[in-house]
Amino acid sequence: MSIFVDEHTKVIVQGLTGGQGRFHGLRNREYGTQIVGGVTPGKGGTDVEGIPVFNTVAEAVAATGATASFVSVPPKFAADAIIEAAQGGITFIVSITEGIPAHDEARVYNRLVEEFPGVRLLGPNCPGIISPGKCNIGITSGDIALPGGPVGIVSRSGTLTYQALHELSQQGIGQTTCVGIGGDPVPGTNFIDCLAAFEADPETKAVMMIGEIGGSEEERAAEWIKAHMTKPVVAYVAGVTAPAGRKMGHAGAIISGSKGTAQAKMAALSEAGVHVCLNPTEAGEKMVEIVRAL
Amino acid sequence: MDLFEYQGKQYFSRFGIAVSPGGVADTVEEALSVAARVGFPVVIKAQVKVGGRGKAGGVKLADSEDEVRTHAGAILGLDIKGHVVKRLWVEHASDIAQEYYASFTLDRPNKVHLGMLSAQGGVEIEVVAEENPDAIAMLQIDPLVGLDVATARRWVAEAGLDEAARAQAAELLVKLYTCYVEGDCDLAEVNPLILTPEGKVHALDAKVTLDENASFRHPEWEEYRATETEDPREKMAKEKGLNYIGLDGTVGIIANGAGLAMSTLDVVNQVGGSAANFLDIGGGANADVMAAALEVINTDPKVKVIFVNIFGGITRVDEVAKGVIEALGRVSITSPIVLRLDGTNAVEGRAILAPHLNDRLLTEPTMLDAARRAVAFANQ
């Protein structure tokens, strides 16, 4: 099984008529994802290579029965687009947009929690989610994923997510689902959400977790793992050599004071029984070893 | 983006937060004219984005024109931890009865805003947090609700601020919260927030970090950008649209994606090297981007080898390979280059590079192998 999405998930793309939305939306469809519609205000009634475009999310949901949305709009419009998706009846929202103001993210997160408790937001600033062979929402290249499980992947970093998929696929080890939760300060979905879903998924036998400096999500995940996780977890945390006080690309990847260092995260994970590795290759090798021994 | 103290104070003023009367001075004469305007005694403060100004001699009290001349002259041009003072903030010196601490920032674990208020101001809040955590009154604020005066009044009482300061402090905190939210700050901090013997509450310092993602709705931030004292390499990289951070090592790094770039730094370190920089070229690694990245790294005299670490996802490795070759034709690179290209179309990419390879341009199959090879060059 996969988590959050599967081959039956019907997806709309907000911003399908834009450059990025069109490129990735069509790639997702080509992968086999059920892309059933697009939304661009003012362009309702047109289509993108046969995918019908609607003026609003509500119209798109009414016409297609979509439950998921791929939000591919510029930072200025992203907060409103996410709220529109929730208001329109979407329950799984993927936001890939990079550069959304932190205050907008905080407002959106709290509105979703308070007004739309059944809605899950993935991202912002994430590569999306792929359940190999079933559904791909976002910008991950489908070529590097391998269907069939048994590994679940959850990652805060984009390219390191690809690296992790690649390391496993090359060794013939498949993935149930790979979730990129994104590197921003207020992610809609966190490590614990994904770890809990993987723990509950019978086809997932082990989990690879990729963290990075900044915040305390890895430490919180470590506590959760210690208390609830029965499946083996392999972790890698990027940024051991990152200097304090400098944002390393992601808005969330910053060491403030003595908090958020890779060392502290690795120590917490290790203490929770996680196999902590020093680089992505080593993490891949460790996972291969674990899966072969299952 | 971090603001200088004087910019932070000007930012505060915009939201009606009381600060000491003062002005900016780039010369001794300007300092004298500000002092005459705001009245003696004055405090002369070096404007640098680094802590420990006072200890380094960057903050002085002046009672007369002569003292302004002496101190302003001494502080201008002073080197404080590598930051040369080019600008001063001169303000009327306040008498201080009490010093408090106040700040707003994002509470990341709880995804709400966090206000911190303490009656023990003037010292580093990290020290207070460590030694006497009960002295800090934490207030979680739902971004959808905000901070009202009634809540702020309860908060100042809880923090144990002096009775005489409470009403004014509560109003100031509401304004500071407005500045934090409407001003799109990552951090709005006042340390110290003071109570004067006359019973006035105002901000004696200002530490403001702006969220650059919100630049699109703050055209007024342009003036702050002009005064950013950046590493020249970082400035050049920014102009070329690259995400670059200068470091002190000898291995120049080019990678796609922030996570992979960070990871590349780590791996170089693990095999005994040190990175000269962090450079994320993002998703589109075409020839222009690659040429720009190589150019920026080429200007760093410490670099002895360049490690290009690309994982092709949407970006195809064959395109990256073409980009590298085209870029090498445009930029004259002095250091050897080690490439690790993997992911989508890696085989095609390596084939494109094959005829160009020599003992100064090499490829390695994995990140670890490439790091070892690069570090071997760097340590030669």
# chains A, B, ... in the order shown; residues from 1 in each chain; ligands from 1
>>> interface_residues(of="chain A", to="chain B", cutoff="6 Å", atoms="only C-alpha atoms", output="PyMOL selection string")
chain A and resi 99-101+107+141+157+159-160+238-241+249
>>> select_by_dssp(residues="segment 143-189 of chain A", states="helix (DSSP H, G or I)", output="ChimeraX atom specification")
/A:143-144,158-170
>>> closest_residue(among="A:Pro52, A:Gly42, A:Pro75, A:Gly260", to="Ser95 of chain A", atoms="only C-alpha atoms")
A:Pro75
>>> closest_residue(among="B:Ala226, B:Ala152, B:Leu195, B:Ile306", to="Glu171 of chain B", atoms="only C-alpha atoms")
B:Ala152
>>> residues_around(residues="Tyr100 of chain B", least_positions_apart="3", cutoff="10 Å", atoms="only C-alpha atoms", output="ChimeraX atom specification")
/B:117-123,159-162,169,190-195,201,203
>>> write_last_selection(atoms="C-alpha atoms", output="short mmCIF file (atom, residue, chain, number, x, y, z; two decimals), in the first residue's frame")
data_model
loop_
_atom_site.label_atom_id
_atom_site.label_comp_id
_atom_site.auth_asym_id
_atom_site.auth_seq_id
_atom_site.Cartn_x
_atom_site.Cartn_y
_atom_site.Cartn_z
CA LEU B 117 9.19 39.15 27.64
CA SER B 118 11.49 39.46 30.62
CA ALA B 119 12.08 41.92 33.43
CA GLN B 120 15.76 40.96 33.16
CA GLY B 121 16.84 42.86 30.06
CA GLY B 122 20.11 44.28 28.88
CA VAL B 123 21.89 40.94 28.98
CA ALA B 159 6.59 38.98 33.35
CA GLY B 160 6.91 41.10 36.48
CA LEU B 161 7.57 44.44 34.80
CA ASP B 162 7.46 47.39 37.22
CA ALA B 169 4.87 48.49 27.82
CA VAL B 190 14.18 45.00 21.77
CA ASN B 191 17.00 44.55 24.26
CA PRO B 192 16.90 46.57 26.36
CA LEU B 193 13.44 47.97 26.49
CA ILE B 194 13.84 50.61 29.18
CA LEU B 195 11.90 52.43 31.85
CA VAL B 201 9.10 53.27 28.33
CA ALA B 203 13.24 50.88 22.90
#
>>> residues_around(residues="segment 31-40 of chain B", least_positions_apart="2", cutoff="12 Å", atoms="only C-alpha atoms", output="PyMOL selection string")
chain B and resi 20-29+42-46+61-73+75-76+87-94
>>> closest_residue(among="A:Gly89, A:Gly215, A:Pro232, A:Gly18", to="Glu289 of chain A", atoms="only C-alpha atoms")
A:Pro232
>>> select_by_dssp(residues="segment 37-194 of chain A", states="strand (DSSP E or B)", output="PyMOL selection string")
chain A and resi 37-39+47-48+51-54+68-71+92-95+120-122+128-131+135-138+150-155+174-180
>>> atom_distance(atom1="atom CA of Gln34 of chain A", atom2="atom CA of Ile130 of chain A")
12.8 Å
>>> residues_around(residues="Ala206 of chain A", least_positions_apart="6", cutoff="7 Å", atoms="only C-alpha atoms", output="VMD selection string")
chain A and resid 150 to 152 231 to 233
>>> residues_around(residues="Ile82 of chain A", least_positions_apart="2", cutoff="12 Å", atoms="only C-alpha atoms", output="JSON, numbers by chain")
{"A": [13, 14, 15, 57, 68, 69, 70, 71, 72, 73, 74, 75, 76, 77, 78, 79, 80, 84, 85, 86, 87, 88, 89, 90, 91, 92, 93, 94, 95, 96, 97, 100, 104, 105, 107, 108, 109, 111, 112, 116, 119, 120, 121, 122, 123, 124, 188]}
>>> write_last_selection(atoms="C-alpha atoms", output="short mmCIF file (atom, residue, chain, number, x, y, z; two decimals), in the first residue's frame")
data_model
loop_
_atom_site.label_atom_id
_atom_site.label_comp_id
_atom_site.auth_asym_id
_atom_site.auth_seq_id
_atom_site.Cartn_x
_atom_site.Cartn_y
_atom_site.Cartn_z
CA VAL A 13 -3.55 21.22 -10.90
CA GLN A 14 -3.98 24.82 -9.74
CA GLY A 15 -1.94 26.81 -12.21
CA VAL A 57 -11.44 24.76 -7.46
CA ALA A 68 -6.20 16.15 -4.33
CA SER A 69 -4.69 19.32 -5.69
CA PHE A 70 -1.25 20.13 -6.98
CA VAL A 71 -0.78 23.84 -6.31
CA SER A 72 1.73 25.31 -8.72
CA VAL A 73 1.36 29.09 -8.42
CA PRO A 74 3.82 31.93 -7.60
CA PRO A 75 4.53 32.81 -3.91
CA LYS A 76 2.29 35.88 -3.97
CA PHE A 77 -0.80 33.80 -4.76
CA ALA A 78 0.09 30.55 -3.00
CA ALA A 79 -1.60 31.23 0.36
CA ASP A 80 -4.92 32.12 -1.28
CA GLU A 84 -9.27 28.01 -2.06
CA ALA A 85 -8.40 24.33 -2.47
CA ALA A 86 -9.57 23.56 1.08
CA GLN A 87 -12.74 25.61 0.65
CA GLY A 88 -13.42 23.85 -2.65
CA GLY A 89 -13.47 20.42 -1.03
CA ILE A 90 -9.92 19.20 -1.66
CA THR A 91 -8.54 17.08 1.18
CA PHE A 92 -4.92 16.59 0.06
CA ILE A 93 -3.03 19.69 -1.06
CA VAL A 94 0.52 19.63 -2.44
CA SER A 95 2.27 23.01 -2.52
CA ILE A 96 5.61 23.04 -4.34
CA THR A 97 6.01 26.83 -4.32
CA ILE A 100 6.19 31.98 0.40
CA ASP A 104 1.59 33.66 5.17
CA GLU A 105 2.59 30.07 5.89
CA ARG A 107 -1.67 31.94 8.75
CA VAL A 108 -2.47 29.23 6.20
CA TYR A 109 -1.38 26.44 8.52
CA ARG A 111 -6.56 28.32 9.14
CA LEU A 112 -6.37 24.78 7.83
CA PHE A 116 -10.51 22.42 7.73
CA VAL A 119 -7.37 18.59 5.09
CA ARG A 120 -3.71 17.66 4.75
CA LEU A 121 -1.23 20.13 3.28
CA LEU A 122 2.08 18.82 1.98
CA GLY A 123 4.74 21.53 1.66
CA PRO A 124 5.14 24.36 0.83
CA GLY A 188 1.87 21.42 6.58
#
>>> decode(residues="segment 33-120 of chain A", atoms="C-alpha atoms", output="PDB file, in the first residue's frame")
ATOM      1  CA  THR A  33      -1.445   9.908 -12.191  1.00  0.00           C
ATOM      2  CA  GLN A  34      -5.128  10.686 -12.660  1.00  0.00           C
ATOM      3  CA  ILE A  35      -4.828  14.370 -13.499  1.00  0.00           C
ATOM      4  CA  VAL A  36      -8.516  15.171 -14.040  1.00  0.00           C
ATOM      5  CA  GLY A  37      -8.532  18.944 -14.289  1.00  0.00           C
ATOM      6  CA  GLY A  38      -6.800  22.266 -13.991  1.00  0.00           C
ATOM      7  CA  VAL A  39      -7.756  25.551 -12.370  1.00  0.00           C
ATOM      8  CA  THR A  40      -6.870  29.004 -13.666  1.00  0.00           C
ATOM      9  CA  PRO A  41      -9.198  31.936 -12.984  1.00  0.00           C
ATOM     10  CA  GLY A  42     -10.480  33.317 -16.285  1.00  0.00           C
ATOM     11  CA  LYS A  43      -9.444  30.300 -18.342  1.00  0.00           C
ATOM     12  CA  GLY A  44     -12.361  28.016 -17.509  1.00  0.00           C
ATOM     13  CA  GLY A  45     -13.679  26.110 -20.528  1.00  0.00           C
ATOM     14  CA  THR A  46     -10.280  25.757 -22.185  1.00  0.00           C
ATOM     15  CA  ASP A  47      -8.057  22.683 -21.915  1.00  0.00           C
ATOM     16  CA  VAL A  48      -4.396  21.710 -21.668  1.00  0.00           C
ATOM     17  CA  GLU A  49      -3.738  18.702 -23.913  1.00  0.00           C
ATOM     18  CA  GLY A  50      -7.190  17.369 -23.186  1.00  0.00           C
ATOM     19  CA  ILE A  51      -7.223  18.214 -19.456  1.00  0.00           C
ATOM     20  CA  PRO A  52     -10.239  20.477 -18.798  1.00  0.00           C
ATOM     21  CA  VAL A  53      -9.521  23.832 -17.128  1.00  0.00           C
ATOM     22  CA  PHE A  54     -11.938  25.410 -14.636  1.00  0.00           C
ATOM     23  CA  ASN A  55     -12.210  28.907 -13.165  1.00  0.00           C
ATOM     24  CA  THR A  56     -12.387  27.761  -9.548  1.00  0.00           C
ATOM     25  CA  VAL A  57     -11.436  24.755  -7.456  1.00  0.00           C
ATOM     26  CA  ALA A  58     -15.085  24.265  -6.425  1.00  0.00           C
ATOM     27  CA  GLU A  59     -16.143  23.947 -10.074  1.00  0.00           C
ATOM     28  CA  ALA A  60     -13.291  21.557 -10.796  1.00  0.00           C
ATOM     29  CA  VAL A  61     -14.171  19.358  -7.807  1.00  0.00           C
ATOM     30  CA  ALA A  62     -17.875  19.331  -8.726  1.00  0.00           C
ATOM     31  CA  ALA A  63     -17.115  18.292 -12.308  1.00  0.00           C
ATOM     32  CA  THR A  64     -14.331  15.759 -11.678  1.00  0.00           C
ATOM     33  CA  GLY A  65     -14.670  14.419  -8.153  1.00  0.00           C
ATOM     34  CA  ALA A  66     -11.031  15.327  -7.445  1.00  0.00           C
ATOM     35  CA  THR A  67      -9.796  14.988  -3.856  1.00  0.00           C
ATOM     36  CA  ALA A  68      -6.200  16.147  -4.326  1.00  0.00           C
ATOM     37  CA  SER A  69      -4.694  19.321  -5.693  1.00  0.00           C
ATOM     38  CA  PHE A  70      -1.248  20.134  -6.982  1.00  0.00           C
ATOM     39  CA  VAL A  71      -0.782  23.843  -6.306  1.00  0.00           C
ATOM     40  CA  SER A  72       1.732  25.309  -8.725  1.00  0.00           C
ATOM     41  CA  VAL A  73       1.364  29.087  -8.419  1.00  0.00           C
ATOM     42  CA  PRO A  74       3.819  31.935  -7.600  1.00  0.00           C
ATOM     43  CA  PRO A  75       4.529  32.807  -3.913  1.00  0.00           C
ATOM     44  CA  LYS A  76       2.288  35.882  -3.971  1.00  0.00           C
ATOM     45  CA  PHE A  77      -0.797  33.797  -4.763  1.00  0.00           C
ATOM     46  CA  ALA A  78       0.085  30.547  -3.004  1.00  0.00           C
ATOM     47  CA  ALA A  79      -1.600  31.230   0.361  1.00  0.00           C
ATOM     48  CA  ASP A  80      -4.920  32.119  -1.283  1.00  0.00           C
ATOM     49  CA  ALA A  81      -4.692  29.162  -3.666  1.00  0.00           C
ATOM     50  CA  ILE A  82      -4.183  26.712  -0.788  1.00  0.00           C
ATOM     51  CA  ILE A  83      -7.158  28.110   1.126  1.00  0.00           C
ATOM     52  CA  GLU A  84      -9.268  28.008  -2.058  1.00  0.00           C
ATOM     53  CA  ALA A  85      -8.399  24.332  -2.467  1.00  0.00           C
ATOM     54  CA  ALA A  86      -9.566  23.556   1.077  1.00  0.00           C
ATOM     55  CA  GLN A  87     -12.744  25.606   0.651  1.00  0.00           C
ATOM     56  CA  GLY A  88     -13.419  23.850  -2.653  1.00  0.00           C
ATOM     57  CA  GLY A  89     -13.474  20.423  -1.035  1.00  0.00           C
ATOM     58  CA  ILE A  90      -9.918  19.197  -1.663  1.00  0.00           C
ATOM     59  CA  THR A  91      -8.537  17.077   1.181  1.00  0.00           C
ATOM     60  CA  PHE A  92      -4.922  16.591   0.063  1.00  0.00           C
ATOM     61  CA  ILE A  93      -3.031  19.690  -1.065  1.00  0.00           C
ATOM     62  CA  VAL A  94       0.522  19.631  -2.437  1.00  0.00           C
ATOM     63  CA  SER A  95       2.268  23.007  -2.516  1.00  0.00           C
ATOM     64  CA  ILE A  96       5.612  23.038  -4.344  1.00  0.00           C
ATOM     65  CA  THR A  97       6.015  26.827  -4.316  1.00  0.00           C
ATOM     66  CA  GLU A  98       9.304  28.119  -2.959  1.00  0.00           C
ATOM     67  CA  GLY A  99       9.515  31.586  -1.419  1.00  0.00           C
ATOM     68  CA  ILE A 100       6.191  31.978   0.395  1.00  0.00           C
ATOM     69  CA  PRO A 101       6.504  34.532   3.256  1.00  0.00           C
ATOM     70  CA  ALA A 102       6.719  32.832   6.659  1.00  0.00           C
ATOM     71  CA  HIS A 103       3.809  34.873   8.032  1.00  0.00           C
ATOM     72  CA  ASP A 104       1.593  33.664   5.170  1.00  0.00           C
ATOM     73  CA  GLU A 105       2.591  30.069   5.894  1.00  0.00           C
ATOM     74  CA  ALA A 106       1.754  30.484   9.578  1.00  0.00           C
ATOM     75  CA  ARG A 107      -1.674  31.944   8.750  1.00  0.00           C
ATOM     76  CA  VAL A 108      -2.474  29.232   6.201  1.00  0.00           C
ATOM     77  CA  TYR A 109      -1.382  26.441   8.524  1.00  0.00           C
ATOM     78  CA  ASN A 110      -3.547  27.691  11.378  1.00  0.00           C
ATOM     79  CA  ARG A 111      -6.558  28.324   9.136  1.00  0.00           C
ATOM     80  CA  LEU A 112      -6.373  24.780   7.826  1.00  0.00           C
ATOM     81  CA  VAL A 113      -6.089  23.376  11.344  1.00  0.00           C
ATOM     82  CA  GLU A 114      -8.969  25.457  12.677  1.00  0.00           C
ATOM     83  CA  GLU A 115     -11.395  25.521   9.731  1.00  0.00           C
ATOM     84  CA  PHE A 116     -10.512  22.417   7.727  1.00  0.00           C
ATOM     85  CA  PRO A 117      -9.313  19.752  10.156  1.00  0.00           C
ATOM     86  CA  GLY A 118      -9.719  16.968   7.584  1.00  0.00           C
ATOM     87  CA  VAL A 119      -7.375  18.590   5.088  1.00  0.00           C
ATOM     88  CA  ARG A 120      -3.708  17.661   4.750  1.00  0.00           C
TER      89      ARG A 120
END
